[in-house]
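*Asks:* Compact mmCIF, C-alpha atoms (C1' of nucleotides), file coords_15.txt:
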```txt
# COMPACT_ATOMS: atom_id res chain seq x y z
CA MET A 25 32.10 -16.01 -0.93
CA SER A 26 29.34 -18.62 -0.76
CA ILE A 27 31.69 -21.53 -1.27
CA GLN A 28 33.91 -20.46 1.56
CA GLN A 29 30.86 -19.97 3.72
CA ARG A 30 29.68 -23.46 2.99
CA ARG A 31 33.10 -24.83 3.86
CA GLU A 32 33.22 -22.99 7.11
CA ARG A 33 29.74 -24.22 7.93
CA GLU A 34 30.73 -27.82 7.22
CA ARG A 35 33.87 -27.34 9.22
CA ALA A 36 31.97 -26.02 12.22
CA GLU A 37 29.55 -28.91 11.91
CA ARG A 38 32.38 -31.40 11.96
CA HIS A 39 33.93 -29.62 14.93
CA ARG A 40 30.71 -30.11 16.83
CA LEU A 41 30.55 -33.72 15.66
CA ILE A 42 33.98 -34.42 17.14
CA VAL A 43 33.17 -32.85 20.49
CA ASP A 44 29.86 -34.69 20.71
CA ALA A 45 31.47 -37.99 19.80
CA ALA A 46 34.16 -37.49 22.43
CA ARG A 47 31.57 -36.68 25.08
CA ASP A 48 29.37 -39.64 24.16
CA LEU A 49 32.30 -42.03 24.13
CA ALA A 50 33.56 -40.76 27.47
CA GLU A 51 30.13 -40.94 29.06
CA THR A 52 29.44 -44.45 27.87
CA GLU A 53 32.89 -46.05 28.21
CA GLY A 54 35.00 -43.62 30.23
CA TRP A 55 37.84 -41.35 29.18
CA GLU A 56 40.32 -44.21 28.90
CA ALA A 57 38.27 -45.43 25.93
CA VAL A 58 38.50 -42.06 24.19
CA THR A 59 41.46 -42.49 21.87
CA THR A 60 42.15 -40.51 18.76
CA ARG A 61 41.72 -43.68 16.71
CA ARG A 62 38.31 -44.54 18.11
CA LEU A 63 37.23 -40.94 17.87
CA ALA A 64 38.29 -40.73 14.24
CA GLU A 65 36.39 -43.93 13.53
CA ARG A 66 33.26 -42.52 15.17
CA VAL A 67 33.24 -39.36 13.11
CA GLU A 68 34.20 -41.34 10.00
CA TYR A 69 37.37 -39.40 9.26
CA SER A 70 41.00 -40.29 9.64
CA GLN A 71 43.01 -39.37 12.71
CA PRO A 72 44.86 -36.35 11.27
CA VAL A 73 41.54 -34.59 10.66
CA LEU A 74 41.14 -34.28 14.41
CA TYR A 75 44.40 -32.36 14.53
CA SER A 76 43.19 -29.87 11.96
CA HIS A 77 40.42 -28.94 14.41
CA PHE A 78 42.20 -29.30 17.75
CA LYS A 79 45.79 -28.88 18.83
CA GLY A 80 45.71 -32.28 20.49
CA LYS A 81 43.60 -34.65 22.49
CA ASP A 82 43.71 -32.37 25.53
CA ALA A 83 42.06 -29.61 23.52
CA ILE A 84 39.19 -31.95 22.65
CA VAL A 85 38.73 -32.79 26.32
CA SER A 86 38.72 -29.08 27.13
CA ALA A 87 36.03 -28.44 24.53
CA VAL A 88 33.91 -31.18 26.08
CA ALA A 89 34.50 -29.69 29.52
CA ILE A 90 33.36 -26.23 28.47
CA GLN A 91 30.26 -27.65 26.83
CA GLY A 92 29.63 -29.53 30.08
CA CYS A 93 29.87 -26.30 32.05
CA GLY A 94 27.06 -24.93 29.92
CA ASP A 95 24.95 -27.99 30.71
CA LEU A 96 25.72 -27.65 34.40
CA ALA A 97 24.90 -23.94 34.45
CA GLN A 98 21.51 -24.63 32.96
CA THR A 99 20.81 -27.47 35.37
CA LEU A 100 21.72 -25.35 38.37
CA ALA A 101 19.70 -22.38 37.19
CA GLU A 102 16.62 -24.55 36.73
CA ALA A 103 16.99 -25.99 40.22
CA ARG A 104 17.35 -22.50 41.65
CA ASP A 105 14.38 -21.07 39.82
CA ALA A 106 12.09 -23.82 41.05
CA HIS A 107 12.26 -22.46 44.60
CA ARG A 108 11.43 -19.09 46.12
CA ASP A 109 12.74 -19.73 49.63
CA PRO A 110 16.53 -19.05 49.69
CA VAL A 111 17.30 -22.07 51.87
CA SER A 112 15.30 -24.38 49.63
CA ALA A 113 16.92 -22.91 46.55
CA LEU A 114 20.39 -23.47 47.99
CA ARG A 115 19.56 -27.03 48.90
CA ALA A 116 18.09 -27.68 45.45
CA VAL A 117 21.15 -26.29 43.69
CA ALA A 118 23.52 -28.30 45.87
CA GLU A 119 21.56 -31.46 45.19
CA ALA A 120 21.45 -30.71 41.48
CA TYR A 121 25.23 -30.26 41.47
CA LEU A 122 25.87 -33.56 43.24
CA ASN A 123 23.35 -35.24 41.00
CA PHE A 124 25.13 -33.93 37.92
CA ALA A 125 28.44 -35.30 39.20
CA ARG A 126 26.90 -38.67 39.97
CA THR A 127 24.98 -39.16 36.74
CA ARG A 128 27.62 -37.76 34.38
CA PRO A 129 30.90 -38.73 36.04
CA ALA A 130 33.06 -38.61 32.92
CA LEU A 131 31.85 -35.16 31.99
CA TYR A 132 32.35 -33.98 35.56
CA ASP A 133 35.85 -35.42 35.51
CA ALA A 134 36.79 -33.44 32.42
CA MET A 135 35.36 -30.27 33.88
CA PHE A 136 36.74 -30.28 37.40
CA VAL A 137 39.24 -33.09 37.94
CA GLN A 138 41.47 -33.56 34.93
CA ARG A 139 44.29 -31.14 34.32
CA THR A 140 43.19 -28.47 31.89
CA ASP A 141 44.30 -25.10 30.63
CA ILE A 142 40.83 -23.58 30.84
CA PRO A 143 41.21 -20.42 32.95
CA PHE A 144 39.17 -20.60 36.15
CA GLY A 145 38.24 -17.69 38.36
CA THR A 146 39.46 -14.95 36.03
CA PRO A 147 37.74 -12.46 33.71
CA GLU A 148 39.00 -14.58 30.80
CA SER A 149 37.03 -17.63 31.93
CA PRO A 150 34.59 -19.02 29.33
CA PRO A 151 31.03 -17.72 29.75
CA GLU A 152 29.73 -21.25 30.41
CA LEU A 153 32.02 -21.46 33.42
CA LYS A 154 30.99 -18.05 34.71
CA ALA A 155 27.35 -18.99 34.32
CA ALA A 156 27.77 -22.15 36.38
CA PHE A 157 29.62 -20.33 39.14
CA GLY A 158 27.08 -17.52 38.93
CA ALA A 159 24.28 -19.93 39.69
CA PHE A 160 26.03 -20.79 42.93
CA VAL A 161 26.65 -17.15 43.74
CA SER A 162 22.98 -16.30 43.32
CA VAL A 163 21.84 -18.88 45.87
CA VAL A 164 24.60 -18.09 48.33
CA GLN A 165 24.00 -14.34 48.20
CA PRO A 166 20.79 -14.21 50.30
CA LEU A 167 22.48 -16.27 53.04
CA ALA A 168 25.99 -14.83 53.03
CA GLY A 169 25.45 -12.18 55.65
CA ASN A 170 28.54 -9.99 55.89
CA ARG A 171 30.89 -12.65 54.57
CA ASP A 172 32.63 -12.14 51.23
CA LEU A 173 30.19 -13.49 48.66
CA GLU A 174 32.57 -14.83 46.07
CA THR A 175 34.93 -16.44 48.55
CA LEU A 176 32.09 -18.05 50.44
CA THR A 177 30.76 -19.41 47.18
CA GLU A 178 34.17 -20.88 46.43
CA VAL A 179 34.07 -22.63 49.80
CA LEU A 180 30.63 -24.07 49.13
CA TRP A 181 31.64 -25.20 45.68
CA SER A 182 34.85 -26.76 46.98
CA ALA A 183 33.01 -28.65 49.68
CA LEU A 184 30.46 -29.97 47.20
CA HIS A 185 33.27 -30.86 44.83
CA GLY A 186 34.98 -32.79 47.59
CA LEU A 187 31.79 -34.67 48.39
CA ALA A 188 31.19 -35.36 44.70
CA THR A 189 34.66 -36.72 43.91
CA LEU A 190 35.12 -38.72 47.11
CA THR A 191 31.66 -40.21 46.77
CA GLY A 192 32.21 -40.97 43.11
CA SER A 193 35.46 -42.78 43.78
CA ASP A 194 33.97 -44.82 46.65
CA ARG A 195 36.04 -43.10 49.30
CA LEU A 196 33.07 -42.17 51.49
CA ARG A 197 30.59 -44.54 53.11
CA PRO A 198 27.79 -44.87 50.57
CA ASP A 199 25.00 -44.35 53.09
CA HIS A 200 24.97 -41.07 55.03
CA HIS A 201 24.90 -39.14 51.77
CA ASN A 202 22.03 -36.90 52.83
CA THR A 203 23.38 -36.54 56.34
CA ARG A 204 26.64 -35.19 54.96
CA LEU A 205 24.84 -32.64 52.82
CA ASP A 206 22.69 -31.60 55.79
CA LEU A 207 25.73 -31.11 57.98
CA LEU A 208 27.51 -29.10 55.32
CA LEU A 209 24.67 -26.75 54.46
CA ASN A 210 23.51 -26.27 58.05
CA GLY A 211 27.06 -25.40 59.04
CA LEU A 212 28.10 -23.24 56.16
CA LEU A 213 24.89 -21.39 55.29
CA PRO A 214 22.37 -21.77 58.13
CA MET B 25 65.41 -72.63 55.78
CA SER B 26 68.01 -69.89 55.97
CA ILE B 27 68.38 -69.62 52.23
CA GLN B 28 64.67 -69.14 51.71
CA GLN B 29 64.67 -66.57 54.47
CA ARG B 30 67.44 -64.64 52.77
CA ARG B 31 65.54 -64.76 49.50
CA GLU B 32 62.38 -63.50 51.07
CA ARG B 33 64.31 -60.72 52.76
CA GLU B 34 65.87 -59.67 49.47
CA ARG B 35 62.51 -59.85 47.82
CA ALA B 36 60.93 -57.62 50.44
CA GLU B 37 63.80 -55.21 50.09
CA ARG B 38 63.32 -55.03 46.35
CA HIS B 39 59.58 -54.57 46.82
CA ARG B 40 60.32 -51.55 48.99
CA LEU B 41 62.83 -50.32 46.43
CA ILE B 42 60.20 -50.36 43.68
CA VAL B 43 57.63 -48.48 45.75
CA ASP B 44 60.19 -45.88 46.81
CA ALA B 45 61.38 -45.41 43.25
CA ALA B 46 57.82 -44.97 42.01
CA ARG B 47 57.10 -42.40 44.71
CA ASP B 48 60.31 -40.48 44.06
CA LEU B 49 59.75 -40.46 40.32
CA ALA B 50 56.15 -39.33 40.71
CA GLU B 51 57.05 -36.59 43.16
CA THR B 52 59.86 -35.20 41.04
CA GLU B 53 58.39 -35.58 37.54
CA GLY B 54 54.71 -36.40 37.99
CA TRP B 55 52.81 -39.64 37.47
CA GLU B 56 52.89 -39.34 33.68
CA ALA B 57 56.66 -39.88 33.95
CA VAL B 58 56.21 -43.08 35.94
CA THR B 59 56.35 -45.78 33.27
CA THR B 60 57.23 -49.40 33.84
CA ARG B 61 60.32 -48.93 31.70
CA ARG B 62 61.65 -45.97 33.65
CA LEU B 63 60.81 -47.67 36.91
CA ALA B 64 62.64 -50.82 35.90
CA GLU B 65 65.66 -48.75 34.91
CA ARG B 66 65.63 -47.00 38.30
CA VAL B 67 65.63 -50.20 40.29
CA GLU B 68 68.13 -51.77 37.87
CA TYR B 69 65.99 -54.72 36.92
CA SER B 70 64.07 -55.55 33.79
CA GLN B 71 60.41 -54.72 33.36
CA PRO B 72 58.99 -58.21 34.01
CA VAL B 73 60.49 -58.18 37.50
CA LEU B 74 57.98 -55.50 38.44
CA TYR B 75 55.19 -57.87 37.53
CA SER B 76 56.52 -60.56 39.84
CA HIS B 77 55.98 -58.12 42.71
CA PHE B 78 52.84 -56.30 41.59
CA LYS B 79 49.86 -57.31 39.50
CA GLY B 80 50.29 -54.23 37.35
CA LYS B 81 51.17 -50.58 37.38
CA ASP B 82 47.99 -49.72 39.27
CA ALA B 83 49.06 -51.96 42.14
CA ILE B 84 52.34 -50.04 42.40
CA VAL B 85 50.45 -46.76 42.55
CA SER B 86 48.22 -48.22 45.26
CA ALA B 87 51.24 -49.25 47.29
CA VAL B 88 52.60 -45.72 47.01
CA ALA B 89 49.22 -44.34 48.06
CA ILE B 90 49.03 -46.49 51.18
CA GLN B 91 52.56 -45.51 52.15
CA GLY B 92 51.53 -41.89 51.63
CA CYS B 93 48.57 -42.36 53.97
CA GLY B 94 51.03 -43.40 56.65
CA ASP B 95 53.04 -40.22 56.06
CA LEU B 96 49.89 -38.13 56.18
CA ALA B 97 48.67 -39.77 59.38
CA GLN B 98 51.94 -38.96 61.07
CA THR B 99 51.92 -35.36 59.83
CA LEU B 100 48.36 -34.80 61.04
CA ALA B 101 49.02 -36.38 64.42
CA GLU B 102 52.04 -34.16 64.97
CA ALA B 103 50.04 -31.06 64.07
CA ARG B 104 47.29 -32.10 66.46
CA ASP B 105 49.61 -32.89 69.35
CA ALA B 106 51.28 -29.49 69.12
CA HIS B 107 48.10 -27.80 70.39
CA ARG B 108 46.01 -28.21 73.50
CA ASP B 109 43.12 -25.96 72.56
CA PRO B 110 40.64 -27.94 70.40
CA VAL B 111 40.03 -25.09 67.98
CA SER B 112 43.75 -24.52 67.48
CA ALA B 113 44.32 -28.23 67.04
CA LEU B 114 41.61 -28.42 64.40
CA ARG B 115 43.04 -25.45 62.56
CA ALA B 116 46.53 -26.90 62.72
CA VAL B 117 45.41 -30.27 61.37
CA ALA B 118 43.46 -28.64 58.55
CA GLU B 119 46.44 -26.52 57.60
CA ALA B 120 48.74 -29.53 57.78
CA TYR B 121 46.42 -31.43 55.47
CA LEU B 122 46.29 -28.66 52.89
CA ASN B 123 50.02 -28.22 53.20
CA PHE B 124 50.57 -31.91 52.54
CA ALA B 125 48.43 -31.71 49.41
CA ARG B 126 50.26 -28.62 48.19
CA THR B 127 53.80 -29.82 48.81
CA ARG B 128 53.34 -33.43 47.69
CA PRO B 129 50.77 -33.17 44.91
CA ALA B 130 51.66 -36.40 43.15
CA LEU B 131 51.45 -38.43 46.33
CA TYR B 132 48.16 -36.75 47.21
CA ASP B 133 46.87 -37.53 43.75
CA ALA B 134 47.60 -41.24 44.13
CA MET B 135 45.97 -41.30 47.55
CA PHE B 136 42.75 -39.41 46.96
CA VAL B 137 42.22 -38.58 43.29
CA GLN B 138 43.25 -41.44 41.06
CA ARG B 139 40.99 -44.44 40.74
CA THR B 140 42.11 -47.15 43.11
CA ASP B 141 40.86 -50.39 44.57
CA ILE B 142 42.00 -49.55 48.09
CA PRO B 143 38.92 -49.97 50.30
CA PHE B 144 37.93 -46.70 51.97
CA GLY B 145 35.63 -46.30 54.93
CA THR B 146 35.33 -49.99 55.76
CA PRO B 147 36.83 -52.27 58.44
CA GLU B 148 39.07 -53.71 55.73
CA SER B 149 40.74 -50.37 55.08
CA PRO B 150 44.54 -50.39 55.50
CA PRO B 151 45.68 -49.23 58.95
CA GLU B 152 47.53 -46.26 57.45
CA LEU B 153 44.25 -45.01 56.06
CA LYS B 154 42.41 -45.52 59.33
CA ALA B 155 45.18 -43.67 61.14
CA ALA B 156 44.92 -40.65 58.86
CA PHE B 157 41.14 -40.51 59.17
CA GLY B 158 41.49 -41.09 62.90
CA ALA B 159 43.61 -37.99 63.23
CA PHE B 160 40.75 -35.99 61.78
CA VAL B 161 38.21 -37.69 64.01
CA SER B 162 40.20 -36.84 67.11
CA VAL B 163 40.23 -33.10 66.39
CA VAL B 164 36.60 -33.01 65.30
CA GLN B 165 35.37 -34.90 68.35
CA PRO B 166 35.67 -32.07 70.91
CA LEU B 167 33.74 -29.73 68.61
CA ALA B 168 31.13 -32.09 67.18
CA GLY B 169 28.40 -31.43 69.73
CA ASN B 170 25.52 -33.83 69.17
CA ARG B 171 26.29 -34.34 65.50
CA ASP B 172 27.42 -37.75 64.25
CA LEU B 173 31.17 -37.76 64.70
CA GLU B 174 32.22 -39.93 61.81
CA THR B 175 29.88 -38.32 59.30
CA LEU B 176 30.88 -34.83 60.36
CA THR B 177 34.52 -35.82 59.94
CA GLU B 178 33.75 -37.04 56.45
CA VAL B 179 32.25 -33.65 55.67
CA LEU B 180 35.28 -31.80 56.97
CA TRP B 181 37.63 -34.07 55.07
CA SER B 182 35.60 -33.73 51.88
CA ALA B 183 35.60 -29.95 52.13
CA LEU B 184 39.35 -29.85 52.68
CA HIS B 185 39.81 -32.28 49.82
CA GLY B 186 37.77 -30.02 47.59
CA LEU B 187 39.85 -27.02 48.55
CA ALA B 188 43.06 -28.98 48.06
CA THR B 189 42.25 -30.33 44.61
CA LEU B 190 40.65 -27.19 43.21
CA THR B 191 43.50 -25.06 44.53
CA GLY B 192 46.10 -27.49 43.19
CA SER B 193 44.57 -27.45 39.73
CA ASP B 194 44.31 -23.65 39.64
CA ARG B 195 40.55 -23.63 39.73
CA LEU B 196 40.28 -21.27 42.69
CA ARG B 197 41.59 -17.72 42.92
CA PRO B 198 45.09 -18.08 44.35
CA ASP B 199 44.69 -15.36 46.96
CA HIS B 200 41.89 -15.79 49.51
CA HIS B 201 43.37 -19.11 50.57
CA ASN B 202 43.26 -18.32 54.28
CA THR B 203 39.89 -16.64 53.99
CA ARG B 204 38.42 -19.80 52.53
CA LEU B 205 39.80 -21.93 55.34
CA ASP B 206 38.47 -19.44 57.90
CA LEU B 207 35.02 -19.51 56.39
CA LEU B 208 34.98 -23.29 56.27
CA LEU B 209 36.14 -23.92 59.82
CA ASN B 210 34.09 -21.14 61.38
CA GLY B 211 31.01 -22.46 59.65
CA LEU B 212 31.47 -26.17 60.13
CA LEU B 213 33.07 -26.37 63.57
CA PRO B 214 32.66 -23.07 65.39
C1' DT C 15 41.79 -27.13 -19.91
C1' DC C 16 45.27 -26.49 -16.96
C1' DG C 17 47.89 -25.04 -12.39
C1' DG C 18 47.89 -24.74 -7.88
C1' DT C 19 45.95 -24.90 -3.55
C1' DT C 20 43.34 -27.10 -0.16
C1' DG C 21 42.31 -30.91 2.36
C1' DT C 22 42.43 -35.90 3.43
C1' DC C 23 44.67 -40.16 3.72
C1' DT C 24 48.22 -43.84 4.44
C1' DA C 25 51.99 -45.07 6.86
C1' DG C 26 55.00 -44.68 10.44
C1' DC C 27 57.60 -42.83 14.72
C1' DG C 28 58.55 -43.33 19.43
C1' DG C 29 56.25 -44.31 23.22
C1' DT C 30 52.87 -47.22 26.58
C1' DG C 31 51.44 -51.55 29.74
C1' DC C 32 52.10 -56.13 29.69
C1' DT C 33 53.68 -61.15 28.61
C1' DA C 34 55.51 -65.46 26.21
C1' DG C 35 59.25 -68.12 26.14
C1' DC C 36 64.20 -68.80 26.49
C1' DC C 37 68.19 -69.30 29.34
C1' DT C 38 71.20 -68.99 33.10
C1' DC C 39 72.47 -69.89 37.55
C1' DG C 40 72.56 -72.17 41.83
C1' DG C 41 70.70 -75.51 45.43
C1' DG C 42 69.61 -80.42 46.31
C1' DC C 43 70.35 -85.21 45.51
C1' DC C 44 72.91 -89.36 44.33
C1' DG D 25 81.98 -84.13 43.39
C1' DG D 26 79.05 -83.97 39.59
C1' DC D 27 74.72 -83.85 37.57
C1' DC D 28 69.82 -82.46 37.24
C1' DC D 29 66.24 -79.46 37.53
C1' DG D 30 63.53 -75.61 38.79
C1' DA D 31 63.27 -70.77 40.28
C1' DG D 32 63.78 -66.53 38.49
C1' DG D 33 65.49 -62.87 35.36
C1' DC D 34 66.05 -61.61 30.66
C1' DT D 35 65.14 -60.47 25.58
C1' DA D 36 61.90 -59.68 22.39
C1' DG D 37 57.58 -58.66 20.95
C1' DC D 38 52.32 -57.77 21.05
C1' DA D 39 48.65 -54.44 20.61
C1' DC D 40 47.82 -50.18 21.64
C1' DC D 41 48.68 -44.98 22.45
C1' DG D 42 49.26 -39.61 20.72
C1' DC D 43 50.90 -37.43 17.00
C1' DT D 44 52.88 -36.19 12.19
C1' DA D 45 55.42 -36.36 7.53
C1' DG D 46 54.57 -36.76 3.06
C1' DA D 47 51.91 -38.64 -0.84
C1' DC D 48 47.88 -37.86 -3.27
C1' DA D 49 43.22 -36.52 -4.88
C1' DA D 50 39.75 -33.16 -5.62
C1' DC D 51 38.30 -28.87 -6.64
C1' DC D 52 38.56 -23.67 -7.55
C1' DG D 53 40.19 -19.77 -10.41
C1' DA D 54 42.27 -18.26 -14.54
```
Let me see the file written as structure tokens.
*Replies:*
Amino acid sequence: MSIQQRRERERAERHRLIVDAARDLAETEGWEAVTTRRLAERVEYSQPVLYSHFKGKDAIVSAVAIQGCGDLAQTLAEARDAHRDPVSALRAVAEAYLNFARTRPALYDAMFVQRTDIPFGTPESPPELKAAFGAFVSVVQPLAGNRDLETLTEVLWSALHGLATLTGSDRLRPDHHNTRLDLLLNGLLP
Amino acid sequence: MSIQQRRERERAERHRLIVDAARDLAETEGWEAVTTRRLAERVEYSQPVLYSHFKGKDAIVSAVAIQGCGDLAQTLAEARDAHRDPVSALRAVAEAYLNFARTRPALYDAMFVQRTDIPFGTPESPPELKAAFGAFVSVVQPLAGNRDLETLTEVLWSALHGLATLTGSDRLRPDHHNTRLDLLLNGLLP
DNA sequence: TCGGTTGTCTAGCGGTGCTAGCCTCGGGCC
DNA sequence: GGCCCGAGGCTAGCACCGCTAGACAACCGA
């Protein structure tokens, strides 16, 4: 069985290599530069090899997105754990989220903008996704009062997502960034 | 000069025809179905004719987006003018906005999701865009208190945009739609 | 050593946005 | 009235895209 094990190990390694290459390429040159040809060149295999790992290009993007959710979850959890005061923790998590979207726009795009078949908001959601949403839930919880926790968290996330995407596509005035976040948090979770 | 006038008139008419065809095609089959070949076929001209009217495909999408902003501005204004009470007017405008995004997803996508070079939030913004934003401003104004009107409007718009895009891409739980809007409006503009 | 399977590659299909260069048609001038 | 010439539309094609059929090599088990 050792030979098969080695093969599976190599296969898993190559799988990871493809996802990493796709993420790197997207983050440095944008998703429009991520073509199956360039990707194949990066991993030093021919195009069809990609299709033995993934059903198609969309599946590669999805894999990158899920990996990104893991990154985001960790980032948010760290921001949360650096503060004891609930209001400070909320603010820190919100800022960390917007910072993630600003510094890794391509990754953010794959996670929350592009069409995907990753299931959101269901028990079947990938654990990385649940972890990221859970980080939001944990900072909203102390401030939710008698409002429904999960729904309120969805509202907060949606509002931050709106700020992130509209800011990132230059549809909001570039100054006033902090003022907008103040207004949002003071209104929604005072 | 009459001949030149006729030519310019025909040219303007064909310009309109292209934009309308692009919008129709996008709304019925999605933007991925809007190719220069299919568009040319629809307007019964060859591909290069498109490029004598627009710099490229992106410019056609932008034209559709600006036209869509005009539609949206009108929709929002009508919703606003149907209510005298400021809170009701705000609610109506917010619902009209989300309804627009839900019923015309491709148009909404061109306006507020896809990359574009339309200038947002500046004096050079197209009048259709200013009109749409102005409709929001006018319903926020009575409820803004001493907060900065324009910035607060940006926050409201961003939050609604977040709800619209995450709902439209199945990233929020499909029920709870009204609850989310309640939570947002009660928090932001009570 | 051989047979067969497993896995990778080359080549190509039908599509994309975009453009070079030909050619026709019609208005303006003699 | 007839000719010339330029505006403007067309055909054809470029380089690229996602994806796949089928040839071929390498390696494992008997």
*Asks:* To test the calculation: enclose all listed atoms of stretch 26-44 of chain D in a box whose edges run along x, y and z, add 4 Å on each side, then state centre and edge lengths in Å to one decimal, as JSON.
*Replies:*
```
{"center_x": 63.4, "center_y": -60.1, "center_z": 26.2, "size_x": 39.2, "size_y": 55.8, "size_z": 36.1}
```
*Asks:* Could you write out as a PyMOL selection string the residues of chain A within 9 Å of chain D, counting all atoms listed in the file?
*Replies:* chain A and resi 59-60+72+75+80-81
*Asks:* I'd like the interatomic distance between atom CA of A:Ile90 and atom CA of B:Ala57, to a tenth of an Å.
*Replies:* 27.6 Å
*Asks:* Please produce, as JSON lines, a per-residue contact table for chain C versus chain A (criterion: any atom at most 12 Å away, all atoms listed in the file considered), showing the nearest atom pair and its distance in Å to one decimal, sorted by chain then residue number.
*Replies:*
```
{"residue": "C:DT20", "atom": "C1'", "partner": "A:Arg31", "partner_atom": "CA", "distance": 11.2}
{"residue": "C:DG21", "atom": "C1'", "partner": "A:Val73", "partner_atom": "CA", "distance": 9.1}
{"residue": "C:DT22", "atom": "C1'", "partner": "A:Val73", "partner_atom": "CA", "distance": 7.4}
{"residue": "C:DC23", "atom": "C1'", "partner": "A:Ser70", "partner_atom": "CA", "distance": 7.0}
{"residue": "C:DT24", "atom": "C1'", "partner": "A:Ser70", "partner_atom": "CA", "distance": 9.6}
```
*Asks:* Could I get the residues of chain A with an atom no further than 7 Å from an atom of chain B, each paired with its nearest atom pair and that distance in Å to one decimal, using only C-alpha atoms, sorted by chain and residue number, as CSV?
*Replies:*
```
residue,atom,partner,partner_atom,distance
A:Arg139,CA,B:Ser193,CA,6.6
A:Phe144,CA,B:Arg195,CA,4.9
A:Gly145,CA,B:Arg197,CA,5.7
A:Thr175,CA,B:Arg204,CA,6.3
A:Leu176,CA,B:Leu207,CA,6.8
A:Val179,CA,B:Arg204,CA,5.9
A:Ser182,CA,B:Gly186,CA,4.4
A:Ala183,CA,B:Ala183,CA,3.8
A:His185,CA,B:Gly186,CA,5.3
A:Gly186,CA,B:Gly186,CA,3.9
A:Leu187,CA,B:Ser182,CA,5.3
A:Leu190,CA,B:Ser182,CA,6.9
A:Ser193,CA,B:Arg139,CA,6.5
A:Asp194,CA,B:Phe144,CA,6.9
A:Arg195,CA,B:Phe144,CA,4.9
A:Leu196,CA,B:Gly145,CA,6.0
A:Arg197,CA,B:Gly145,CA,5.6
A:Arg204,CA,B:Val179,CA,5.9
A:Leu207,CA,B:Leu176,CA,6.8
A:Leu208,CA,B:Val179,CA,6.6
A:Gly211,CA,B:Leu212,CA,4.6
A:Leu212,CA,B:Gly211,CA,4.6
```
